[in-house]
$ cat model14.txt   # compact mmCIF, C-alpha atoms
# COMPACT_ATOMS: atom_id res chain seq x y z
CA MET A 1 120.69 80.61 234.21
CA ARG A 2 123.59 78.49 235.46
CA ASN A 3 121.99 75.44 233.80
CA ARG A 4 121.76 77.29 230.47
CA ILE A 5 125.44 78.25 230.63
CA ALA A 6 126.35 74.67 231.43
CA LEU A 7 124.28 73.42 228.51
CA PHE A 8 125.92 75.97 226.19
CA VAL A 9 129.41 74.91 227.31
CA VAL A 10 128.56 71.26 226.77
CA ALA A 11 127.14 72.03 223.29
CA VAL A 12 130.25 73.98 222.29
CA ALA A 13 132.45 71.19 223.59
CA LEU A 14 130.52 68.62 221.57
CA VAL A 15 130.79 70.69 218.39
CA LEU A 16 134.52 71.21 218.91
CA ALA A 17 134.99 67.51 219.62
CA SER A 18 133.23 66.52 216.41
CA VAL A 19 135.28 69.02 214.39
CA PHE A 20 138.54 67.74 215.88
CA ALA A 21 137.40 64.18 215.36
CA ALA A 22 136.68 64.85 211.68
CA GLY A 23 140.04 66.53 211.28
CA ALA A 24 141.79 63.67 213.01
CA ARG A 25 139.99 61.15 210.79
CA SER A 26 140.96 62.95 207.61
CA GLN A 27 144.58 63.04 208.78
CA SER A 28 144.90 59.61 210.34
CA ASP A 29 142.46 57.77 208.10
CA PRO A 30 142.50 59.59 204.79
CA LEU A 31 140.51 58.64 201.75
CA THR A 32 142.36 56.98 198.91
CA ILE A 33 141.57 58.95 195.78
CA TYR A 34 142.52 57.63 192.35
CA ALA A 35 142.54 60.58 190.00
CA ALA A 36 143.52 61.50 186.45
CA ALA A 37 147.06 62.86 186.22
CA SER A 38 145.74 66.23 185.04
CA LEU A 39 144.08 66.69 188.46
CA THR A 40 147.35 66.38 190.38
CA ASP A 41 147.90 70.01 191.29
CA VAL A 42 144.31 71.06 191.82
CA PHE A 43 143.33 68.10 194.03
CA ARG A 44 146.44 68.44 196.20
CA THR A 45 145.77 72.15 196.60
CA PHE A 46 142.09 71.60 197.30
CA ASP A 47 142.66 68.98 199.99
CA SER A 48 146.13 67.92 201.04
CA ASN A 49 144.83 65.58 203.77
CA GLN A 50 143.87 62.70 201.48
CA ARG A 51 145.98 59.95 199.93
CA TYR A 52 146.20 60.30 196.15
CA SER A 53 147.23 58.12 193.27
CA PHE A 54 147.54 60.05 190.02
CA ALA A 55 147.94 58.36 186.63
CA GLY A 56 146.26 57.96 183.27
CA SER A 57 142.55 57.25 183.83
CA ASN A 58 142.80 54.02 181.84
CA THR A 59 145.55 52.75 184.15
CA LEU A 60 143.53 53.67 187.23
CA GLU A 61 140.45 51.99 185.78
CA THR A 62 142.42 48.77 185.35
CA GLN A 63 143.79 48.98 188.88
CA ILE A 64 140.30 49.46 190.35
CA ARG A 65 139.00 46.56 188.27
CA ASN A 66 141.82 44.47 189.72
CA GLY A 67 140.79 45.34 193.26
CA ALA A 68 142.97 48.34 194.13
CA PRO A 69 141.90 49.84 197.48
CA ALA A 70 140.49 53.13 196.17
CA ASP A 71 137.61 55.04 197.75
CA ILE A 72 137.07 57.53 194.92
CA PHE A 73 137.82 57.46 191.19
CA ALA A 74 138.08 60.74 189.28
CA SER A 75 138.52 60.20 185.54
CA ALA A 76 139.39 62.56 182.68
CA ALA A 77 136.90 60.77 180.45
CA PRO A 78 133.41 59.40 181.11
CA LEU A 79 134.37 56.20 179.28
CA ASN A 80 136.54 54.98 182.16
CA THR A 81 134.04 55.66 184.94
CA GLN A 82 131.07 54.42 182.92
CA ARG A 83 132.77 51.10 182.15
CA LEU A 84 133.33 50.52 185.86
CA PHE A 85 129.78 51.66 186.65
CA ASN A 86 128.36 49.19 184.14
CA GLN A 87 130.19 46.43 186.02
CA ASN A 88 128.99 47.73 189.43
CA LEU A 89 132.56 48.55 190.40
CA VAL A 90 131.76 52.21 191.10
CA GLU A 91 128.59 54.00 192.13
CA LYS A 92 126.83 56.32 189.67
CA PRO A 93 129.44 58.79 188.36
CA VAL A 94 128.81 62.53 188.13
CA THR A 95 130.47 65.13 185.91
CA PHE A 96 132.42 67.61 188.02
CA THR A 97 134.48 69.67 185.58
CA ALA A 98 135.64 70.05 181.98
CA ASN A 99 138.80 71.00 180.14
CA ARG A 100 140.27 71.94 176.77
CA LEU A 101 143.27 70.82 174.81
CA ALA A 102 146.23 72.92 173.71
CA LEU A 103 149.39 72.33 171.71
CA ILE A 104 152.60 73.15 173.57
CA VAL A 105 156.07 73.69 172.15
CA PRO A 106 159.33 74.26 174.04
CA ARG A 107 160.10 77.94 174.70
CA GLU A 108 163.01 77.73 172.24
CA ASN A 109 160.59 76.26 169.64
CA PRO A 110 163.29 74.57 167.51
CA ALA A 111 160.75 73.34 164.93
CA GLY A 112 159.22 76.82 164.49
CA ILE A 113 155.67 75.67 165.23
CA ARG A 114 153.22 78.57 165.38
CA SER A 115 149.92 76.90 164.56
CA VAL A 116 148.49 73.40 164.73
CA TYR A 117 148.62 73.34 160.93
CA ASP A 118 152.42 73.73 161.10
CA LEU A 119 152.51 70.13 162.33
CA LYS A 120 151.58 69.10 158.79
CA ARG A 121 153.85 71.55 157.01
CA LYS A 122 157.07 71.14 158.98
CA PRO A 123 159.30 68.28 160.08
CA VAL A 124 158.46 67.82 163.73
CA LYS A 125 158.96 65.39 166.60
CA LEU A 126 155.47 65.07 168.04
CA VAL A 127 154.80 63.72 171.55
CA ILE A 128 151.30 62.56 172.44
CA ALA A 129 149.67 60.17 174.91
CA GLY A 130 148.67 56.63 173.96
CA ALA A 131 145.28 56.06 172.36
CA ALA A 132 143.84 54.42 175.49
CA VAL A 133 144.72 57.42 177.68
CA PRO A 134 141.95 60.05 177.68
CA VAL A 135 144.24 62.88 176.54
CA GLY A 136 145.61 60.61 173.81
CA SER A 137 142.10 59.84 172.61
CA TYR A 138 141.16 63.54 172.73
CA THR A 139 144.31 64.37 170.75
CA ARG A 140 143.26 62.03 167.98
CA THR A 141 139.79 63.63 167.98
CA VAL A 142 141.34 67.08 167.51
CA LEU A 143 143.50 65.86 164.64
CA ARG A 144 140.57 64.12 162.97
CA LYS A 145 138.33 67.18 163.33
CA MET A 146 141.02 69.37 161.76
CA GLY A 147 141.80 66.92 158.97
CA LEU A 148 145.31 66.42 160.31
CA THR A 149 145.47 62.72 161.15
CA SER A 150 148.44 62.40 158.79
CA VAL A 151 150.63 64.10 161.43
CA LEU A 152 150.34 60.97 163.55
CA SER A 153 153.17 59.67 161.38
CA LYS A 154 155.37 62.29 163.09
CA VAL A 155 154.77 60.92 166.59
CA VAL A 156 158.07 59.95 168.19
CA SER A 157 156.72 59.01 171.61
CA GLN A 158 153.40 57.90 173.09
CA GLU A 159 153.19 58.55 176.82
CA SER A 160 151.17 56.93 179.58
CA ASP A 161 149.63 60.17 180.86
CA VAL A 162 149.42 63.89 180.22
CA ARG A 163 152.08 64.80 182.78
CA ALA A 164 154.62 62.73 180.87
CA VAL A 165 153.77 64.56 177.62
CA THR A 166 154.02 67.92 179.39
CA GLY A 167 157.34 67.00 180.98
CA LYS A 168 158.93 65.86 177.73
CA ILE A 169 158.03 69.08 175.91
CA ALA A 170 159.08 71.24 178.85
CA LEU A 171 162.46 69.48 178.79
CA GLY A 172 162.79 69.91 175.03
CA GLN A 173 162.64 66.17 174.32
CA GLY A 174 160.01 66.77 171.63
CA ASP A 175 159.04 69.65 169.33
CA ALA A 176 155.34 69.71 170.16
CA GLY A 177 152.78 67.89 172.28
CA PHE A 178 149.06 67.88 172.94
CA VAL A 179 148.08 68.43 176.57
CA TYR A 180 145.23 69.91 178.59
CA VAL A 181 145.20 73.68 178.95
CA THR A 182 145.53 73.17 182.71
CA ASP A 183 148.74 71.16 182.34
CA ALA A 184 150.18 73.76 179.99
CA ARG A 185 149.74 76.31 182.79
CA SER A 186 151.89 74.23 185.12
CA VAL A 187 154.93 74.67 182.82
CA ALA A 188 154.06 78.11 181.48
CA ASP A 189 157.61 79.37 182.00
CA ARG A 190 159.10 76.62 179.85
CA VAL A 191 156.64 76.22 176.97
CA THR A 192 154.65 78.29 174.51
CA VAL A 193 150.97 77.46 174.28
CA ILE A 194 149.32 77.28 170.85
CA ARG A 195 145.58 77.51 170.90
CA ILE A 196 143.39 74.86 169.32
CA PRO A 197 140.28 76.40 167.72
CA ALA A 198 137.00 75.93 169.58
CA TRP A 199 135.42 74.11 166.64
CA ALA A 200 138.11 71.40 166.81
CA GLN A 201 137.96 70.87 170.57
CA PRO A 202 136.81 67.50 171.89
CA ARG A 203 134.28 67.26 174.71
CA VAL A 204 136.60 66.82 177.68
CA ARG A 205 134.42 65.84 180.65
CA TYR A 206 135.68 64.68 184.04
CA GLU A 207 133.61 62.24 186.05
CA ILE A 208 133.93 61.19 189.67
CA ALA A 209 132.44 58.24 191.56
CA VAL A 210 132.65 56.37 194.84
CA VAL A 211 134.31 52.99 194.40
CA SER A 212 131.84 50.22 195.29
CA ARG A 213 134.33 48.29 197.45
CA SER A 214 135.19 51.37 199.54
CA THR A 215 134.77 50.97 203.28
CA LYS A 216 134.50 54.76 203.68
CA LYS A 217 131.56 55.50 201.43
CA THR A 218 130.04 58.20 203.63
CA ALA A 219 133.30 60.13 203.74
CA ALA A 220 133.86 59.54 200.02
CA GLN A 221 130.41 60.87 199.18
CA ALA A 222 131.08 63.92 201.36
CA TRP A 223 134.35 64.53 199.50
CA ILE A 224 132.57 64.38 196.15
CA ARG A 225 129.98 66.83 197.45
CA ALA A 226 132.86 69.10 198.44
CA ILE A 227 134.40 69.06 194.95
CA LEU A 228 130.96 69.82 193.50
CA SER A 229 130.42 72.68 195.97
CA ASP A 230 131.19 76.32 195.24
CA ARG A 231 134.53 75.93 197.04
CA GLY A 232 135.50 72.91 194.93
CA GLN A 233 134.37 74.50 191.69
CA THR A 234 136.27 77.68 192.53
CA ALA A 235 139.43 75.66 193.12
CA LEU A 236 139.00 73.97 189.76
CA LYS A 237 138.27 77.28 188.03
CA ASN A 238 141.37 78.86 189.58
CA ALA A 239 143.41 76.00 188.14
CA GLY A 240 142.04 76.68 184.67
CA PHE A 241 139.36 73.99 184.49
CA LEU A 242 135.99 74.76 182.94
CA PRO A 243 132.65 74.72 184.78
CA ILE A 244 130.38 71.70 184.65
CA PRO A 245 128.75 71.79 181.18
CA LYS A 246 125.02 72.60 181.28
CA ALA A 247 124.13 69.36 179.50
CA SER A 248 125.78 67.40 182.34
CA GLN A 249 124.02 69.21 185.22
CA MET B 250 133.88 46.23 158.87
CA ASN B 251 134.65 48.85 161.52
CA ARG B 252 132.05 51.02 163.22
CA ARG B 253 132.76 54.04 161.05
CA ARG B 254 132.47 52.12 157.78
CA PHE B 255 129.32 50.37 159.02
CA LEU B 256 127.71 53.70 159.86
CA MET B 257 128.72 55.15 156.50
CA THR B 258 127.23 52.21 154.61
CA SER B 259 124.02 52.30 156.64
CA ALA B 260 123.74 56.05 156.22
CA GLY B 261 124.30 55.80 152.50
CA ALA B 262 121.57 53.18 152.11
CA GLY B 263 118.94 55.34 153.73
CA ALA B 264 120.15 58.67 152.43
CA VAL B 265 118.08 58.89 149.28
CA ALA B 266 114.88 57.98 151.06
CA LEU B 267 115.56 60.61 153.71
CA GLY B 268 116.31 63.31 151.15
CA THR B 269 119.91 63.69 152.24
CA PRO B 270 121.83 62.85 149.07
CA TRP B 271 125.18 64.06 150.49
CA LEU B 272 125.28 60.92 152.59
CA VAL B 273 125.30 58.69 149.53
CA GLY B 274 128.70 57.17 148.87
CA ALA B 275 130.26 58.80 151.90
CA SER B 276 132.38 55.73 152.56
CA ALA B 277 135.42 57.22 150.84
CA ALA B 278 135.28 60.55 152.68
CA THR B 279 138.66 61.75 153.89
CA ASP B 280 139.38 63.42 157.18
CA GLU B 281 139.88 66.65 155.27
CA ASP B 282 136.40 66.37 153.75
CA LEU B 283 135.00 65.98 157.24
CA ALA B 284 137.16 68.78 158.67
CA TYR B 285 135.30 71.26 156.48
CA ALA B 286 132.02 69.83 157.77
CA ASN B 287 133.20 70.20 161.37
CA PHE B 288 134.23 73.79 160.77
CA GLY B 289 131.11 74.51 158.73
CA ILE B 290 128.66 73.28 161.34
CA SER B 291 130.44 75.31 164.03
CA ALA B 292 130.34 78.44 161.88
CA GLU B 293 126.67 77.84 161.03
CA LEU B 294 125.83 77.56 164.74
CA LEU B 295 127.73 80.80 165.24
CA LEU B 296 125.72 82.43 162.45
CA LYS B 297 122.47 81.18 163.92
CA ASP B 298 123.44 82.82 167.20
CA PHE B 299 124.36 86.00 165.32
CA TYR B 300 121.01 86.22 163.57
CA ALA B 301 119.12 85.49 166.79
CA LYS B 302 120.95 88.26 168.65
CA ALA B 303 120.50 90.66 165.73
CA LEU B 304 116.76 90.00 165.86
CA GLU B 305 116.71 90.49 169.65
CA ALA B 306 118.47 93.84 169.23
CA LYS B 307 115.48 95.12 167.16
CA LEU B 308 117.66 97.46 165.13
CA VAL B 309 115.94 96.68 161.85
CA GLY B 310 112.27 96.35 161.08
CA GLY B 311 110.02 95.28 158.23
CA ALA B 312 111.75 93.46 155.39
CA GLY B 313 115.05 93.66 157.27
CA ARG B 314 113.71 91.37 159.99
CA GLY B 315 112.73 88.92 157.27
CA VAL B 316 116.34 88.88 156.08
CA LEU B 317 117.53 88.06 159.59
CA ARG B 318 114.85 85.42 160.14
CA ARG B 319 115.62 83.70 156.84
CA GLY B 320 119.32 83.81 157.64
CA ARG B 321 118.68 82.22 161.02
CA SER B 322 116.56 79.51 159.42
CA ALA B 323 119.17 78.82 156.73
CA SER B 324 121.94 78.53 159.33
CA ALA B 325 119.89 76.06 161.35
CA GLN B 326 119.17 73.97 158.25
CA HIS B 327 122.80 74.05 157.16
CA ALA B 328 123.96 72.97 160.62
CA LYS B 329 121.46 70.12 160.55
CA ALA B 330 122.60 68.98 157.10
CA LEU B 331 126.27 69.06 158.07
CA GLY B 332 125.40 67.27 161.31
CA GLN B 333 123.78 64.49 159.28
CA LEU B 334 126.85 64.33 157.08
CA LEU B 335 129.13 63.91 160.10
CA THR B 336 126.86 61.42 161.81
CA GLY B 337 126.65 59.45 158.59
CA ALA B 338 130.45 59.37 158.48
CA GLY B 339 130.60 58.00 162.03
CA ASP B 340 131.61 61.27 163.72
CA THR B 341 129.91 63.18 166.52
CA PRO B 342 128.82 66.59 165.28
CA PRO B 343 129.34 69.63 167.51
CA VAL B 344 126.27 71.20 169.13
CA GLU B 345 125.53 74.70 170.41
CA GLU B 346 126.37 73.69 173.99
CA ASP B 347 129.96 73.05 172.90
CA PHE B 348 130.53 76.76 172.34
CA ALA B 349 130.54 80.00 174.28
CA PHE B 350 130.12 82.42 171.39
CA GLU B 351 131.71 85.81 171.96
CA TRP B 352 130.58 88.96 170.18
CA PRO B 353 132.50 92.23 170.53
CA ALA B 354 130.51 94.66 172.69
CA PRO B 355 129.43 97.04 169.89
CA THR B 356 128.24 94.27 167.54
CA PHE B 357 124.55 94.64 168.24
CA LYS B 358 124.50 98.38 169.00
CA SER B 359 123.88 99.61 165.46
CA THR B 360 122.66 98.26 162.14
CA ALA B 361 125.99 99.14 160.53
CA SER B 362 127.85 97.12 163.14
CA VAL B 363 125.49 94.16 162.78
CA VAL B 364 125.95 94.16 159.01
CA ARG B 365 129.74 94.58 159.22
CA THR B 366 130.15 91.72 161.69
CA GLY B 367 127.71 89.44 159.91
CA LEU B 368 129.40 89.98 156.56
CA GLY B 369 132.76 89.12 158.14
CA VAL B 370 131.44 85.80 159.37
CA LEU B 371 129.60 85.04 156.14
CA ARG B 372 132.62 85.81 153.93
CA ALA B 373 134.88 83.53 155.95
CA LEU B 374 132.31 80.76 155.73
CA LEU B 375 131.78 81.34 152.01
CA GLY B 376 135.53 81.12 151.44
CA ALA B 377 135.72 77.81 153.32
CA TYR B 378 132.75 76.33 151.46
CA GLN B 379 134.29 77.33 148.12
CA THR B 380 137.48 75.46 148.96
CA ALA B 381 135.53 72.49 150.28
CA ALA B 382 133.44 72.38 147.10
CA ALA B 383 136.60 72.35 145.03
CA THR B 384 138.60 69.85 147.06
CA ALA B 385 136.18 67.34 148.60
CA THR B 386 136.84 63.83 147.36
CA GLU B 387 133.16 62.86 147.56
CA PRO B 388 131.02 64.21 144.69
CA THR B 389 127.99 64.37 146.96
CA TYR B 390 129.96 66.41 149.47
CA ARG B 391 131.07 68.75 146.69
CA ALA B 392 127.44 69.25 145.71
CA LEU B 393 126.48 70.01 149.29
CA TYR B 394 129.34 72.46 149.84
CA ALA B 395 128.56 74.22 146.56
CA SER B 396 124.93 74.54 147.60
CA LEU B 397 125.94 75.91 150.99
CA ALA B 398 128.29 78.40 149.32
CA ALA B 399 125.47 79.62 147.08
CA SER B 400 123.17 80.09 150.06
CA VAL B 401 125.83 81.98 152.01
CA GLY B 402 126.44 84.17 148.95
CA GLN B 403 122.74 85.01 148.89
CA GLN B 404 122.86 85.84 152.58
CA ILE B 405 125.79 88.20 151.97
CA GLY B 406 123.74 90.11 149.38
CA ALA B 407 120.66 90.22 151.59
CA LEU B 408 122.49 91.28 154.74
CA ALA B 409 124.53 93.93 152.89
CA SER B 410 121.29 95.55 151.72
CA LEU B 411 120.35 96.40 155.32
CA ALA B 412 122.95 99.14 155.73
CA PRO B 413 124.19 101.73 153.25
CA PRO B 414 126.29 101.98 151.22
CA PRO B 415 125.28 98.92 149.19
CA ALA B 416 128.08 96.39 148.96
CA GLY B 417 129.67 95.95 145.56
CA VAL B 418 129.28 92.62 143.83
CA GLU B 419 132.44 90.51 143.94
CA SER B 420 133.11 88.76 140.67
CA PHE B 421 135.31 86.13 142.28
CA PRO B 422 134.96 85.92 146.07
CA ALA B 423 138.19 84.60 147.58
CA ALA B 424 138.33 80.93 148.51
CA LEU B 425 139.88 80.31 151.93
CA ASP B 426 141.66 77.28 153.27
CA LEU B 427 140.49 75.91 156.58
CA GLU B 428 143.27 77.56 158.55
CA SER B 429 142.48 81.05 157.21
CA ALA B 430 138.73 80.66 157.62
CA SER B 431 139.23 79.32 161.13
CA SER B 432 141.49 82.25 162.06
CA ALA B 433 138.87 84.69 160.79
CA LEU B 434 136.20 83.26 163.11
CA ASP B 435 138.38 82.28 166.05
CA ARG B 436 137.55 85.33 168.15
CA TYR B 437 133.81 84.68 167.88
CA LEU B 438 133.79 80.93 168.51
CA GLY B 439 135.08 81.24 172.08
$ encode --input "model14.txt" --output "structure tokens"
Amino acid sequence: MRNRIALFVVAVALVLASVFAAGARSQSDPLTIYAAASLTDVFRTFDSNQRYSFAGSNTLETQIRNGAPADIFASAAPLNTQRLFNQNLVEKPVTFTANRLALIVPRENPAGIRSVYDLKRKPVKLVIAGAAVPVGSYTRTVLRKMGLTSVLSKVVSQESDVRAVTGKIALGQGDAGFVYVTDARSVADRVTVIRIPAWAQPRVRYEIAVVSRSTKKTAAQAWIRAILSDRGQTALKNAGFLPIPKASQ
Amino acid sequence: MNRRRFLMTSAGAGAVALGTPWLVGASAATDEDLAYANFGISAELLLKDFYAKALEAKLVGGAGRGVLRRGRSASAQHAKALGQLLTGAGDTPPVEEDFAFEWPAPTFKSTASVVRTGLGVLRALLGAYQTAAATATEPTYRALYASLAASVGQQIGALASLAPPPAGVESFPAALDLESASSALDRYLG
């Protein structure tokens, strides 16, 4: 009996030691996660123990190609991860969430924008992201689908990522801007959200992959499993992201 | 030659042989021409879902089921044709997986409700096709949109016959711009 108790104590001690060790590793030796700017809030909330670099996915792609010390790359468009995968710079990417676009206007709405079609009818200072940035590319898809590409002549500023577009509209530095629904939520008290019809929505798919040069691949793979788990998907859902599309599962 | 123009030219060359004349000469299509196709294919996929659910509900039998089956088949064929048009123009057509169609709870509880909802969708789509037929810059697109409008008009008559009182014939159904037609279907498209 005494031997069994001793064995139990040793087993508990080992389990506790491994848990503390894992915790210590994540705090003292965190993963470096390069992620699309639109993932800023949700990733930090999901796991505050890692080291993040948030920016436009195209910028992050370039940095990884140039040898940046990332362990994980989470992109707002498959294009960026797939290009790196084709050059063996990341391991096989997986889709982990989806999103939708919205038009936001400042609460005061000086241009009187009430529908996406008002962008064509009214004089407006439009803020969008650059064409190489995923949200900028998705914006142009929306405008093309709706037959509104002519409003691109009203663009006064092209930003490097979605947070910059969101910030400018929230501060009233533009009359309207295209952002992800999830980013619109982060400034809900300062902007009005105008819905984009479902038929004009682009396919916004987020992909994630372990960076080939990472020296922490096991931990990186575990982190990706965590974001794909029920807990990760719930965190994304709570932040307004959409579930993994069936076609991507 | 950019990718879009290359695809348009290639599509146009093979269009006659494939029996898809609306792809011929698509090189001059404007974004507005294609916007109606994008909306149309989405609404046709919505209609296909509507007809399928109406059939599942088993509220009508006999000839009525034939009306629903033919409507479902027409919607599928229309979606395919519009998909070819968009692909030919270098665009990616929407597919069913892009949508989470939403039907109000009572929609499939009675024949009257099925007919009322279906007519609402069909009239919005008819209005959009009428405008597209009148405004498309491509003659082949105009022909396609006019054909689609005629088919949707037939569906309106057939569906209306399933529930009394019989719907009156409209001499001049209202044409709708894209914004109005889109607003009419927004709550169903998810």
$ interface_residues --input "model14.txt" --of "chain B" --to "chain A" --cutoff "12 Å" --atoms "only C-alpha atoms" --output "PDB file with C-alpha atoms, in the frame of the given file"
ATOM      1  CA  ALA B 278     135.280  60.550 152.680  1.00  0.00           C
ATOM      2  CA  THR B 279     138.660  61.750 153.890  1.00  0.00           C
ATOM      3  CA  ASP B 280     139.380  63.420 157.180  1.00  0.00           C
ATOM      4  CA  GLU B 281     139.880  66.650 155.270  1.00  0.00           C
ATOM      5  CA  ASP B 282     136.400  66.370 153.750  1.00  0.00           C
ATOM      6  CA  LEU B 283     135.000  65.980 157.240  1.00  0.00           C
ATOM      7  CA  ALA B 284     137.160  68.780 158.670  1.00  0.00           C
ATOM      8  CA  TYR B 285     135.300  71.260 156.480  1.00  0.00           C
ATOM      9  CA  ALA B 286     132.020  69.830 157.770  1.00  0.00           C
ATOM     10  CA  ASN B 287     133.200  70.200 161.370  1.00  0.00           C
ATOM     11  CA  PHE B 288     134.230  73.790 160.770  1.00  0.00           C
ATOM     12  CA  GLY B 289     131.110  74.510 158.730  1.00  0.00           C
ATOM     13  CA  ILE B 290     128.660  73.280 161.340  1.00  0.00           C
ATOM     14  CA  SER B 291     130.440  75.310 164.030  1.00  0.00           C
ATOM     15  CA  ALA B 292     130.340  78.440 161.880  1.00  0.00           C
ATOM     16  CA  GLU B 293     126.670  77.840 161.030  1.00  0.00           C
ATOM     17  CA  LEU B 294     125.830  77.560 164.740  1.00  0.00           C
ATOM     18  CA  LEU B 295     127.730  80.800 165.240  1.00  0.00           C
ATOM     19  CA  LEU B 335     129.130  63.910 160.100  1.00  0.00           C
ATOM     20  CA  GLY B 339     130.600  58.000 162.030  1.00  0.00           C
ATOM     21  CA  ASP B 340     131.610  61.270 163.720  1.00  0.00           C
ATOM     22  CA  THR B 341     129.910  63.180 166.520  1.00  0.00           C
ATOM     23  CA  PRO B 342     128.820  66.590 165.280  1.00  0.00           C
ATOM     24  CA  PRO B 343     129.340  69.630 167.510  1.00  0.00           C
ATOM     25  CA  VAL B 344     126.270  71.200 169.130  1.00  0.00           C
ATOM     26  CA  GLU B 345     125.530  74.700 170.410  1.00  0.00           C
ATOM     27  CA  GLU B 346     126.370  73.690 173.990  1.00  0.00           C
ATOM     28  CA  ASP B 347     129.960  73.050 172.900  1.00  0.00           C
ATOM     29  CA  PHE B 348     130.530  76.760 172.340  1.00  0.00           C
ATOM     30  CA  ALA B 349     130.540  80.000 174.280  1.00  0.00           C
ATOM     31  CA  PHE B 350     130.120  82.420 171.390  1.00  0.00           C
ATOM     32  CA  GLU B 351     131.710  85.810 171.960  1.00  0.00           C
ATOM     33  CA  ALA B 385     136.180  67.340 148.600  1.00  0.00           C
ATOM     34  CA  ASP B 426     141.660  77.280 153.270  1.00  0.00           C
ATOM     35  CA  LEU B 427     140.490  75.910 156.580  1.00  0.00           C
ATOM     36  CA  GLU B 428     143.270  77.560 158.550  1.00  0.00           C
ATOM     37  CA  SER B 429     142.480  81.050 157.210  1.00  0.00           C
ATOM     38  CA  ALA B 430     138.730  80.660 157.620  1.00  0.00           C
ATOM     39  CA  SER B 431     139.230  79.320 161.130  1.00  0.00           C
ATOM     40  CA  SER B 432     141.490  82.250 162.060  1.00  0.00           C
ATOM     41  CA  ALA B 433     138.870  84.690 160.790  1.00  0.00           C
ATOM     42  CA  LEU B 434     136.200  83.260 163.110  1.00  0.00           C
ATOM     43  CA  ASP B 435     138.380  82.280 166.050  1.00  0.00           C
ATOM     44  CA  ARG B 436     137.550  85.330 168.150  1.00  0.00           C
ATOM     45  CA  TYR B 437     133.810  84.680 167.880  1.00  0.00           C
ATOM     46  CA  LEU B 438     133.790  80.930 168.510  1.00  0.00           C
ATOM     47  CA  GLY B 439     135.080  81.240 172.080  1.00  0.00           C
TER      48      GLY B 439
END
$ residues_around --input "model14.txt" --residues "stretch 73-80 of chain A" --least-positions-apart "5" --cutoff "6 Å" --atoms "only C-alpha atoms" --output "PyMOL selection string"
chain A and resi 34-36+57+134+205-209
$ closest_residue --input "model14.txt" --among "B:Ala312, B:Thr380, B:Ala423, B:Ala330" --to "B:Leu411" --atoms "all atoms listed in the file"
B:Ala312
$ atom_distance --input "model14.txt" --atom1 "atom CA of B:Gly367" --atom2 "atom CA of B:Ala306"
13.8 Å
$ atom_distance --input "model14.txt" --atom1 "atom CA of B:Arg319" --atom2 "atom CA of B:Leu375"
17.0 Å
$ closest_residue --input "model14.txt" --among "B:Ser396, B:Thr366, B:Ser410, B:Thr336" --to "B:Pro353" --atoms "all atoms listed in the file"
B:Thr366
$ atom_distance --input "model14.txt" --atom1 "atom CA of A:Val155" --atom2 "atom CA of A:Gly177"
9.2 Å
$ closest_residue --input "model14.txt" --among "A:Arg65, A:Arg185, A:Arg190, A:Arg140" --to "A:Glu108" --atoms "all atoms listed in the file"
A:Arg190
$ residues_around --input "model14.txt" --residues "B:Val401" --least-positions-apart "2" --cutoff "8 Å" --atoms "all atoms listed in the file" --output "mmCIF file with C-alpha atoms, in the frame of the given file"
data_model
loop_
_atom_site.group_PDB
_atom_site.id
_atom_site.type_symbol
_atom_site.label_atom_id
_atom_site.label_comp_id
_atom_site.auth_asym_id
_atom_site.auth_seq_id
_atom_site.Cartn_x
_atom_site.Cartn_y
_atom_site.Cartn_z
ATOM 1 C CA LEU B 371 129.600 85.040 156.140
ATOM 2 C CA LEU B 374 132.310 80.760 155.730
ATOM 3 C CA LEU B 375 131.780 81.340 152.010
ATOM 4 C CA LEU B 397 125.940 75.910 150.990
ATOM 5 C CA ALA B 398 128.290 78.400 149.320
ATOM 6 C CA ALA B 399 125.470 79.620 147.080
ATOM 7 C CA GLN B 403 122.740 85.010 148.890
ATOM 8 C CA GLN B 404 122.860 85.840 152.580
ATOM 9 C CA ILE B 405 125.790 88.200 151.970
#
$ residues_around --input "model14.txt" --residues "B:Val309" --least-positions-apart "5" --cutoff "10 Å" --atoms "only C-alpha atoms" --output "count of residues only"
11
$ residues_around --input "model14.txt" --residues "B:Pro413" --least-positions-apart "5" --cutoff "12 Å" --atoms "all atoms listed in the file" --output "PDB file with C-alpha atoms, in the frame of the given file"
ATOM      1  CA  THR B 360     122.660  98.260 162.140  1.00  0.00           C
ATOM      2  CA  ALA B 361     125.990  99.140 160.530  1.00  0.00           C
ATOM      3  CA  SER B 362     127.850  97.120 163.140  1.00  0.00           C
ATOM      4  CA  VAL B 364     125.950  94.160 159.010  1.00  0.00           C
ATOM      5  CA  ARG B 365     129.740  94.580 159.220  1.00  0.00           C
ATOM      6  CA  LEU B 408     122.490  91.280 154.740  1.00  0.00           C
TER       7      LEU B 408
END
$ residues_around --input "model14.txt" --residues "A:Arg231" --least-positions-apart "6" --cutoff "12 Å" --atoms "only C-alpha atoms" --output "PyMOL selection string"
chain A and resi 45-47+223-225+237-238
